[in-house]
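Below: the structure, in structure tokens.
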4 protein chains.
Amino acid sequence: MNNGEKTHKHKPKSDFEALATQDMNENLTRTAQWTVTQKLALTARMLAAEGHGSALAGQITARGETPGTMWTAKFGLGLDEIHASDFILVNDDLAVLEGNGMPNPSNRFHLWIYRARADVTCVVHTHPPYVSALSMIGVPLIASHMDTAMFFEDCAWLSEWPGPPIGDEEGDLISSALGDKRSILLAHHGQLSAGETIEQAAVLAFHFERAAKMQLLAMAAGEITPLPPAAGHHAHDYRLKQAPLNATFDYYARQVLAREGDSVLA
Amino acid sequence: MNNGEKTHKHKPKSDFEALATQDMNENLTRTAQWTVTQKLALTARMLAAEGHGSALAGQITARGETPGTMWTAKFGLGLDEIHASDFILVNDDLAVLEGNGMPNPSNRFHLWIYRARADVTCVVHTHPPYVSALSMIGVPLIASHMDTAMFFEDCAWLSEWPGPPIGDEEGDLISSALGDKRSILLAHHGQLSAGETIEQAAVLAFHFERAAKMQLLAMAAGEITPLPPAAGHHAHDYRLKQAPLNATFDYYARQVLAREGDSVLA
Amino acid sequence: MNNGEKTHKHKPKSDFEALATQDMNENLTRTAQWTVTQKLALTARMLAAEGHGSALAGQITARGETPGTMWTAKFGLGLDEIHASDFILVNDDLAVLEGNGMPNPSNRFHLWIYRARADVTCVVHTHPPYVSALSMIGVPLIASHMDTAMFFEDCAWLSEWPGPPIGDEEGDLISSALGDKRSILLAHHGQLSAGETIEQAAVLAFHFERAAKMQLLAMAAGEITPLPPAAGHHAHDYRLKQAPLNATFDYYARQVLAREGDSVLA
Amino acid sequence: MNNGEKTHKHKPKSDFEALATQDMNENLTRTAQWTVTQKLALTARMLAAEGHGSALAGQITARGETPGTMWTAKFGLGLDEIHASDFILVNDDLAVLEGNGMPNPSNRFHLWIYRARADVTCVVHTHPPYVSALSMIGVPLIASHMDTAMFFEDCAWLSEWPGPPIGDEEGDLISSALGDKRSILLAHHGQLSAGETIEQAAVLAFHFERAAKMQLLAMAAGEITPLPPAAGHHAHDYRLKQAPLNATFDYYARQVLAREGDSVLA
């Protein structure tokens with residue numbers, strides 16, 4: 001077969017990329033106007049559907065407008081139950097400023113990240129099963145696939161586990177280990193993704209579990225081949241382009257709303 | 001980045017824990033008033049949804065008010081079918097005192113546990129797939145994650161399998177192997193969790209399968225790192241605190257009732 | 001703890017078993033009266049829900065009343081689509097005697113089994129994913145769990161794969177390899193369960209996939225410990241007792257009817 | 001047992017095959033008349049239900065009537081959302097000729113395949129999880145089961161990953177590596193299936209993920225036994241016979257329409 005022309009000329013890839021970026025910015029426009037707490041509720045639901053729930057564990061927070069404040073869901077709900085109105089505003093000692101209920105006492109380390117990282121507006125932390133299993137074997141996350149390249153050299157690893165993270169020590173430890181990366185694998189614990197936007201943190205957290213699943217399947221069957229660094233870096237930046245990343249969040253949000261209805265936003 | 005203050009002072013973790021415990025006791029209040037058999041039916045359904053079913057196997061029982069008696073579901077139903085009214089009261093020879101039908105003949109070893117352990121009011125025994133697979137390879141459960149720390153040095157291991165557990169020998173063997181722990185992995189058989197409350201036994205059983213799944217995934221991919229003992233013990237006790245544990249049961253119960261309706265309680 | 005009496009006397013296990021058998025025969029009574037083709041359609045649906053489907057592969061057949069005849073579903077349907085009225089009666093050359101459509105040409109080896117085994121009235125053959133994966137690594141099924149003890153020394157292994165089984169050679173080969181056992185693992189192909197009743201073949205086939213899944217999980221994580229032979233044989237016979245086996249089939253049938261409606265029986 | 005006649009005569013297998021082919025051509029008739037874009041939308045939905053989705057990745061395209069043109073879905077939709085009317089016609093530089101929106105910029109390598117392979121009318125490319133995990137460990141797809149024999153010596157392997165495939169280089173590389181085969185495993189990336197018909201490409205892509213899952217499960221548990229070449233070739237050709245392959249597509253399409261409704265076709 002192979003009877004076609006093999007001599008089709010190559011145009012420069014950088015031209016294609018510039019054009020693609022422009023096209024995506026123009027075409028992948030957003031129609032919904034969600035508030036901060038609505039985006040957080042959508043994030044909880046899309047992660048729940050992806051299997052991130054582990055009893056009452058997992059916190060999805062956003063930096064509040066007033067310095068030192070943070071939005072977090074009231075404690076006692078599963079990820080699949082959270083509505084926009086379940087988010088409460090707390091101060092930098094987890095005292096409730098707005099809304100009813102209490103925050104999860106294990107939410108304190110989020111405050112440390114917001115203090116350490118002015119660029120972060122949202123932290124998504126969950127204990128999904130594949131991430132949890134991976135966190136038990138003393139190895140970092142390996143980004144060895146185009147679709148998980150968002151973690152390529154952008155995922156830290158905390159090999160130490162200090163117990164239930166209810167104190168300042170854990171906040172200090174986790175925020176230091178995160179450094180200037182977007183994500184971190186926490187030994188014996190789970191994943192944390194810190195985004196410049198809610199959309200970014202949500203999409204990172206969503207794909208962290210997929211990356212962990214792929215890594216566990218691959219390690220059980222053979223030896224993982226690393227990404228070539230230049231292509232890995234290129235794919236990392238490509239996956240984090242704002243327009244397609246927001247379009248990915250919007251897609252997962254449409255799935256939530258189609259399945260669970262608009263009351264998620266209430 | 002990391003441009004925030006790194007000098008935020010650490011408060012003592014014990015202060016945080018005392019405050020958290022008090023806050024949880026005040027905020028995680030329970031609204032539903034379920035009877036013993038309603039809680040048992042809810043347990044059956046939450047375990048069914050988590051994949052614990054294996055044909056007609058698995059028994060969820062509670063100590064009856066009269067010494068030597070026990071509530072158990074009538075034999076012949078799957079976990080996903082059980083209603084509160086399907087529970088029958090049996091005596092210490094499995095003879096039916098209240099209700100129609102017969103108990104599962106393999107229910108006898110529960111009686112041995114209630115005799116041996118005055119602190120136990122509920123026994124949840126199931127054969128879910130990951131526990132079952134783990135029970136085939138001659139190793140105990142390894143609690144190597146914060147969310148499975150409820151099993152840290154609190155899960156026994158019976159490496160001997162004496163066949164279908166319909167006799168007194170199995171009751172003696174299993175209750176002896178359990179000792180004073182809350183849970184046990186039974187070789188070639190399944191898991192058993194014995195709780196001070198129905199809620200505790202249910203939550204233990206629910207997470208036993210998750211712990212087994214995480215262990216199998218981790219062992220297939222690498223070598224499991226043990227929890228540091230002090231942190232493991234702390235997390236064990238933290239996970240078993242009554243208020244959040246009951247809140248976890250209530251969450252799983254809400255999922256059951258939302259999905260399957262109130263008839264579960266009838 | 002362990003503060004209970006440890007000196008409770010043991011009654012003989014054989015007494016318990018006799019009593020249990022009598023109780024089960026009396027209590028696990030059947031209410032539905034299904035025809036042969038209704039039972040076959042229920043079997044197709046319960047296996048579909050358990051993930052046995054692989055495109056159009058898989059055949060569920062029953063011996064016809066007239067010698068040399070067999071009921072089989074018309075070719076072109078998935079397991080999840082089959083109704084009782086989709087079964088056609090074919091002769092020992094796969095020619096259609098009753099009903100419309102054609103049989104799956106790979107159905108010929110069922111005829112060989114019915115000829116070789118007067119005790120068999122039903123053959124259930126499927127290619128579910130875990131059985132299929134297991135069939136690729138050159139090892140027999142290992143029954144190392146109480147719930148899969150129905151296969152203990154009762155599951156043959158055909159290590160040779162002769163290609164698509166459309167000829168007489170495959171019928172001869174498969175029926176010879178099956179010998180006098182109830183089940184067989186067919187290399188590069190799937191599982192086959194031959195029952196004295198439709199219920200038995202259905203329950204065997206259903207649990208074959210679970211046994212394969214447990215075996216693969218266990219082998220990936222460690223080394224499988226064999227069942228002690230005496231207990232294994234006891235559990236084998238216990239699992240095949242008619243009353244609880246039929247009750248298991250009826251349970252799976254109730255799940256089908258609750259989920260898919262009575263039209264399955266039409 | 002084995003009390004039946006063992007001396008039943010063998011008829012030639014080639015006679016059976018000729019008869020089976022004729023019977024299938026007569027009996028497995030198609031009733032629906034779908035357009036090209038309707039078949040593409042059905043393909044997207046059947047793959048979505050099989051778990052092929054990975055954010056916005058994956059493209060299902062068909063050669064347009066005018067040389068150099070191609071149908072592809074507008075960018076920004078998940079596989080589970082695509083309707084027939086979402087397909088746009090693009091030219092050989094991905095410029096839109098018909099319909100609204102933009103193509104996925106990573107769609108360029110499909111154009112290279114259509115140029116190189118006059119026999120191909122449809123390309124289905126996805127990043128499902130098992131294929132993705134397999135693509136990380138540097139091994140080709142192994143067709144070691146009757147149901148995946150469609151890939152037997154008909155699946156290429158590209159071990160090099162050049163980064164996000166938005167340029168001409170990737171088109172050249174992938175189309176060259178594909179050669180004259182129908183499918184290819186792309187390292188760190190996913191699967192691609194190129195069919196003479198949409199039905200063929202769809203069914204190949206659907207089963208590629210199953211083949212990858214079976215391979216990973218098998219490799220984690222043991223060592224894969226290769227198919228005997230003659231039987232492998234026979235099964236390959238048998239699985240690709242047009243009548244049963246189209247019947248398989250129609251079955252998956254019925255599942256889509258029963259679950260998601262006729263609006264998929266709009």
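Identifiers in this document derive from the order of the structure tokens: chains are assigned A, B, ..., residues are numbered from 1 separately in each chain, and ligands are numbered from 1 in order of occurrence.
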
- Query: Would you list which chain D residues are within 12 Å of chain B using only C-alpha atoms, as a list in words?
  - Reply: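 The contacting residues on chain D are Leu216, Leu217, Met219, Ala220, Ala221 and Gly222 of chain D.
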
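Within 12 Å of Leu240 (chain C), once only C-alpha atoms are used and residues closer than 6 positions along the same chain are dropped, the contacting residues are C:Thr21, C:Met146, C:Asp147, C:Thr148, C:Ala149, C:Met150, C:Phe151, C:Phe152, C:Asp154, C:Arg182, C:Gly195, C:Glu196, C:Thr197, C:Glu199, C:Gln200, C:Ala201, C:Val203, C:Leu204, C:His233, C:His234, C:Asn246, C:Ala247, C:Thr248, C:Phe249.
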
- Rounded to one decimal place, report the CA of Ile198 (chain A)-CA of Arg63 (chain A) distance in Å. 9.8 Å

- Query: Which polymer residues have any atom within 8 Å of an atom of Thr126 (chain D), counting only C-alpha atoms, with same-chain residues fewer than 5 positions away left out, as a ChimeraX atom specification?
  - Reply: /D:52-54,57-59,190-192,205

Output N, CA, C and O atoms of each residue in that selection to a file, as an mmCIF file, in the first residue's frame.
data_model
loop_
_atom_site.group_PDB
_atom_site.id
_atom_site.type_symbol
_atom_site.label_atom_id
_atom_site.label_comp_id
_atom_site.auth_asym_id
_atom_site.auth_seq_id
_atom_site.Cartn_x
_atom_site.Cartn_y
_atom_site.Cartn_z
ATOM 1 N N HIS D 52 -12.326 5.338 26.471
ATOM 2 C CA HIS D 52 -11.228 5.867 25.644
ATOM 3 C C HIS D 52 -10.938 7.339 25.870
ATOM 4 O O HIS D 52 -9.914 7.845 25.410
ATOM 5 N N GLY D 53 -11.853 8.042 26.556
ATOM 6 C CA GLY D 53 -11.686 9.481 26.694
ATOM 7 C C GLY D 53 -10.489 9.862 27.536
ATOM 8 O O GLY D 53 -10.177 9.224 28.535
ATOM 9 N N SER D 54 -9.787 10.904 27.129
ATOM 10 C CA SER D 54 -8.713 11.504 27.921
ATOM 11 C C SER D 54 -8.781 12.996 27.653
ATOM 12 O O SER D 54 -8.188 13.479 26.698
ATOM 13 N N ALA D 57 -8.534 14.871 24.142
ATOM 14 C CA ALA D 57 -7.691 14.152 23.187
ATOM 15 C C ALA D 57 -8.482 13.064 22.477
ATOM 16 O O ALA D 57 -9.485 12.581 22.965
ATOM 17 N N GLY D 58 -7.964 12.663 21.331
ATOM 18 C CA GLY D 58 -8.600 11.616 20.541
ATOM 19 C C GLY D 58 -9.298 12.225 19.343
ATOM 20 O O GLY D 58 -10.068 13.172 19.493
ATOM 21 N N GLN D 59 -9.009 11.696 18.169
ATOM 22 C CA GLN D 59 -9.684 12.199 16.971
ATOM 23 C C GLN D 59 -10.164 11.036 16.119
ATOM 24 O O GLN D 59 -9.450 10.074 15.915
ATOM 25 N N GLY D 190 -0.595 6.786 22.453
ATOM 26 C CA GLY D 190 -1.899 6.136 22.340
ATOM 27 C C GLY D 190 -1.955 5.146 21.203
ATOM 28 O O GLY D 190 -0.911 4.636 20.774
ATOM 29 N N GLN D 191 -3.173 4.864 20.747
ATOM 30 C CA GLN D 191 -3.360 3.922 19.655
ATOM 31 C C GLN D 191 -3.917 4.636 18.439
ATOM 32 O O GLN D 191 -4.594 5.649 18.569
ATOM 33 N N LEU D 192 -3.661 4.057 17.289
ATOM 34 C CA LEU D 192 -4.244 4.556 16.051
ATOM 35 C C LEU D 192 -4.653 3.352 15.216
ATOM 36 O O LEU D 192 -3.890 2.407 15.060
ATOM 37 N N ALA D 205 -10.120 0.004 16.952
ATOM 38 C CA ALA D 205 -9.786 0.905 18.067
ATOM 39 C C ALA D 205 -10.417 0.421 19.364
ATOM 40 O O ALA D 205 -9.786 0.419 20.425
#

- Message: Could you go through region 145-214 of chain A and tell me which residues DSSP, when run on the backbone, assigns to helix (DSSP H, G or I), listing them as a PyMOL selection string?
- Response: chain A and resi 146-151+168-178+198-214

- Task: Determine, counting only C-alpha atoms, which protein, DNA and RNA residues have an atom within 8 Å of an atom of Ala212 (chain D); residues of the same chain fewer than 3 positions away are not included. Present the result as an NGL selection string.
- Result: :D and (130-131 or 134 or 141 or 208-209 or 215-216)

- Can you list, as a PyMOL selection string, all residues belonging to region 8-233 of chain D that DSSP tags as strand (DSSP E)? chain D and resi 59-63+70-73+87-90+96-98+122-126+155-158+183-186+190-195
